[in-house]
Amino acid sequence: MVLIMTVNPGFGGQSFIHESYRKISELRKMIDRGGYDVLIEVDGGIDTTNAARLVETGVNVLVAGNSVFNSTDPQDTIRKLKMLSL
């Protein structure tokens, strides 16, 4: 598993760094070219607005903290994230 931080590490609630899509895409290509069995995990700024695109870009594991715990309905937010990442 490779973890890509999609915010500057240090504290929760930061905005997603959009340059991360390019990094994820490049990493996915390297993994696929090499035939490696490696998961890509992302952590930071993950929410319902970017989860689907992240999965499309090659992410296997989404870490969502504030978007879930600060939600008015955490269970619904988790359900939406799961649906977006199918």
# chains A, B, ... in the order shown; residues from 1 in each chain; ligands from 1
call {"tool": "closest_atom_pairs", "arguments": {"of": "range 21-81 of chain A", "to": "range 13-17 of chain A", "cutoff": "12 Å", "atoms": "only C-alpha atoms", "output": "Markdown table"}}
result
| residue | atom | partner | partner_atom | distance |
| --- | --- | --- | --- | --- |
| A:Tyr21 | CA | A:Ile17 | CA | 8.4 |
| A:Arg22 | CA | A:Ile17 | CA | 10.4 |
| A:Lys23 | CA | A:Ile17 | CA | 10.6 |
| A:Ile24 | CA | A:Ile17 | CA | 11.7 |
| A:Val42 | CA | A:Phe16 | CA | 10.5 |
| A:Asp43 | CA | A:Phe16 | CA | 9.3 |
| A:Gly44 | CA | A:Phe16 | CA | 6.3 |
| A:Gly45 | CA | A:Phe16 | CA | 4.4 |
| A:Ile46 | CA | A:Phe16 | CA | 6.9 |
| A:Asp47 | CA | A:Phe16 | CA | 9.1 |
| A:Thr48 | CA | A:Phe16 | CA | 11.9 |
| A:Thr49 | CA | A:Phe16 | CA | 10.3 |
| A:Asn50 | CA | A:Phe16 | CA | 8.7 |
| A:Ala51 | CA | A:Phe16 | CA | 11.0 |
| A:Leu54 | CA | A:Phe16 | CA | 11.3 |
| A:Ala64 | CA | A:Gly13 | CA | 10.3 |
| A:Gly65 | CA | A:Gly13 | CA | 8.3 |
| A:Asn66 | CA | A:Gly13 | CA | 5.9 |
| A:Ser67 | CA | A:Gly13 | CA | 8.3 |
| A:Val68 | CA | A:Gly13 | CA | 11.1 |
| A:Phe69 | CA | A:Gly13 | CA | 10.6 |
| A:Asn70 | CA | A:Gly13 | CA | 9.4 |
call {"tool": "residues_around", "arguments": {"residues": "Lys29 in chain A", "least_positions_apart": "3", "cutoff": "12 Å", "atoms": "only C-alpha atoms", "output": "ChimeraX atom specification"}}
result
/A:22-26,32-36,38,40,57-59
call {"tool": "atom_distance", "arguments": {"atom1": "CA of Asp76 in chain A", "atom2": "CA of Arg28 in chain A"}}
result
29.5 Å
call {"tool": "select_by_dssp", "arguments": {"residues": "chain A", "states": "alpha helix (DSSP H)", "output": "PyMOL selection string"}}
result
chain A and resi 20-34+51-57+66-69+74-84
call {"tool": "write_last_selection", "arguments": {"atoms": "C-alpha atoms", "output": "PDB file, in the first residue's frame"}}
result
ATOM      1  CA  SER A  20      -2.852  15.147  -5.998  1.00  0.00           C
ATOM      2  CA  TYR A  21      -4.874  13.835  -8.961  1.00  0.00           C
ATOM      3  CA  ARG A  22      -1.781  14.046 -11.174  1.00  0.00           C
ATOM      4  CA  LYS A  23       0.394  12.294  -8.591  1.00  0.00           C
ATOM      5  CA  ILE A  24      -2.161   9.534  -8.140  1.00  0.00           C
ATOM      6  CA  SER A  25      -2.500   9.054 -11.888  1.00  0.00           C
ATOM      7  CA  GLU A  26       1.271   8.803 -12.325  1.00  0.00           C
ATOM      8  CA  LEU A  27       1.569   6.356  -9.444  1.00  0.00           C
ATOM      9  CA  ARG A  28      -1.274   4.220 -10.838  1.00  0.00           C
ATOM     10  CA  LYS A  29       0.513   4.033 -14.215  1.00  0.00           C
ATOM     11  CA  MET A  30       3.786   2.978 -12.531  1.00  0.00           C
ATOM     12  CA  ILE A  31       2.017   0.275 -10.523  1.00  0.00           C
ATOM     13  CA  ASP A  32       0.143  -1.032 -13.553  1.00  0.00           C
ATOM     14  CA  ARG A  33       3.226  -0.997 -15.833  1.00  0.00           C
ATOM     15  CA  GLY A  34       5.217  -2.928 -13.260  1.00  0.00           C
ATOM     16  CA  ALA A  51     -14.286  10.605  -3.906  1.00  0.00           C
ATOM     17  CA  ALA A  52     -15.555   9.395  -7.285  1.00  0.00           C
ATOM     18  CA  ARG A  53     -12.816  11.185  -9.237  1.00  0.00           C
ATOM     19  CA  LEU A  54     -10.176   9.812  -6.874  1.00  0.00           C
ATOM     20  CA  VAL A  55     -11.378   6.274  -7.474  1.00  0.00           C
ATOM     21  CA  GLU A  56     -11.485   6.918 -11.234  1.00  0.00           C
ATOM     22  CA  THR A  57      -7.894   8.177 -11.001  1.00  0.00           C
ATOM     23  CA  ASN A  66     -13.701  15.560   8.957  1.00  0.00           C
ATOM     24  CA  SER A  67     -16.162  15.020   6.133  1.00  0.00           C
ATOM     25  CA  VAL A  68     -17.672  12.182   8.172  1.00  0.00           C
ATOM     26  CA  PHE A  69     -17.233  13.333  11.763  1.00  0.00           C
ATOM     27  CA  PRO A  74     -22.231  10.699   9.519  1.00  0.00           C
ATOM     28  CA  GLN A  75     -23.921   7.453   8.491  1.00  0.00           C
ATOM     29  CA  ASP A  76     -25.409   9.087   5.407  1.00  0.00           C
ATOM     30  CA  THR A  77     -22.059  10.637   4.501  1.00  0.00           C
ATOM     31  CA  ILE A  78     -20.370   7.230   4.768  1.00  0.00           C
ATOM     32  CA  ARG A  79     -23.104   5.706   2.602  1.00  0.00           C
ATOM     33  CA  LYS A  80     -22.627   8.424  -0.037  1.00  0.00           C
ATOM     34  CA  LEU A  81     -18.842   7.974  -0.042  1.00  0.00           C
ATOM     35  CA  LYS A  82     -19.245   4.239  -0.495  1.00  0.00           C
ATOM     36  CA  MET A  83     -21.654   4.739  -3.403  1.00  0.00           C
ATOM     37  CA  LEU A  84     -19.326   7.252  -5.089  1.00  0.00           C
TER      38      LEU A  84
END
call {"tool": "atom_distance", "arguments": {"atom1": "CA of Val2 in chain A", "atom2": "CA of Val61 in chain A"}}
result
9.8 Å
call {"tool": "select_by_dssp", "arguments": {"residues": "chain A", "states": "strand (DSSP E)", "output": "list of chain:residue names"}}
result
A:Val2, A:Leu3, A:Ile4, A:Met5, A:Ile40, A:Glu41, A:Val42, A:Asp43, A:Val61, A:Leu62, A:Val63
call {"tool": "write_last_selection", "arguments": {"atoms": "C-alpha atoms", "output": "mmCIF file, in the first residue's frame"}}
result
data_model
loop_
_atom_site.group_PDB
_atom_site.id
_atom_site.type_symbol
_atom_site.label_atom_id
_atom_site.label_comp_id
_atom_site.auth_asym_id
_atom_site.auth_seq_id
_atom_site.Cartn_x
_atom_site.Cartn_y
_atom_site.Cartn_z
ATOM 1 C CA VAL A 2 1.153 3.504 -0.836
ATOM 2 C CA LEU A 3 -0.299 6.444 1.079
ATOM 3 C CA ILE A 4 -0.608 9.767 -0.678
ATOM 4 C CA MET A 5 -1.391 12.696 1.563
ATOM 5 C CA ILE A 40 -3.219 3.367 -3.344
ATOM 6 C CA GLU A 41 -4.624 5.060 -0.242
ATOM 7 C CA VAL A 42 -5.378 8.778 0.039
ATOM 8 C CA ASP A 43 -5.825 10.795 3.197
ATOM 9 C CA VAL A 61 -8.643 3.270 -0.222
ATOM 10 C CA LEU A 62 -10.206 6.566 0.884
ATOM 11 C CA VAL A 63 -9.569 7.979 4.356
#
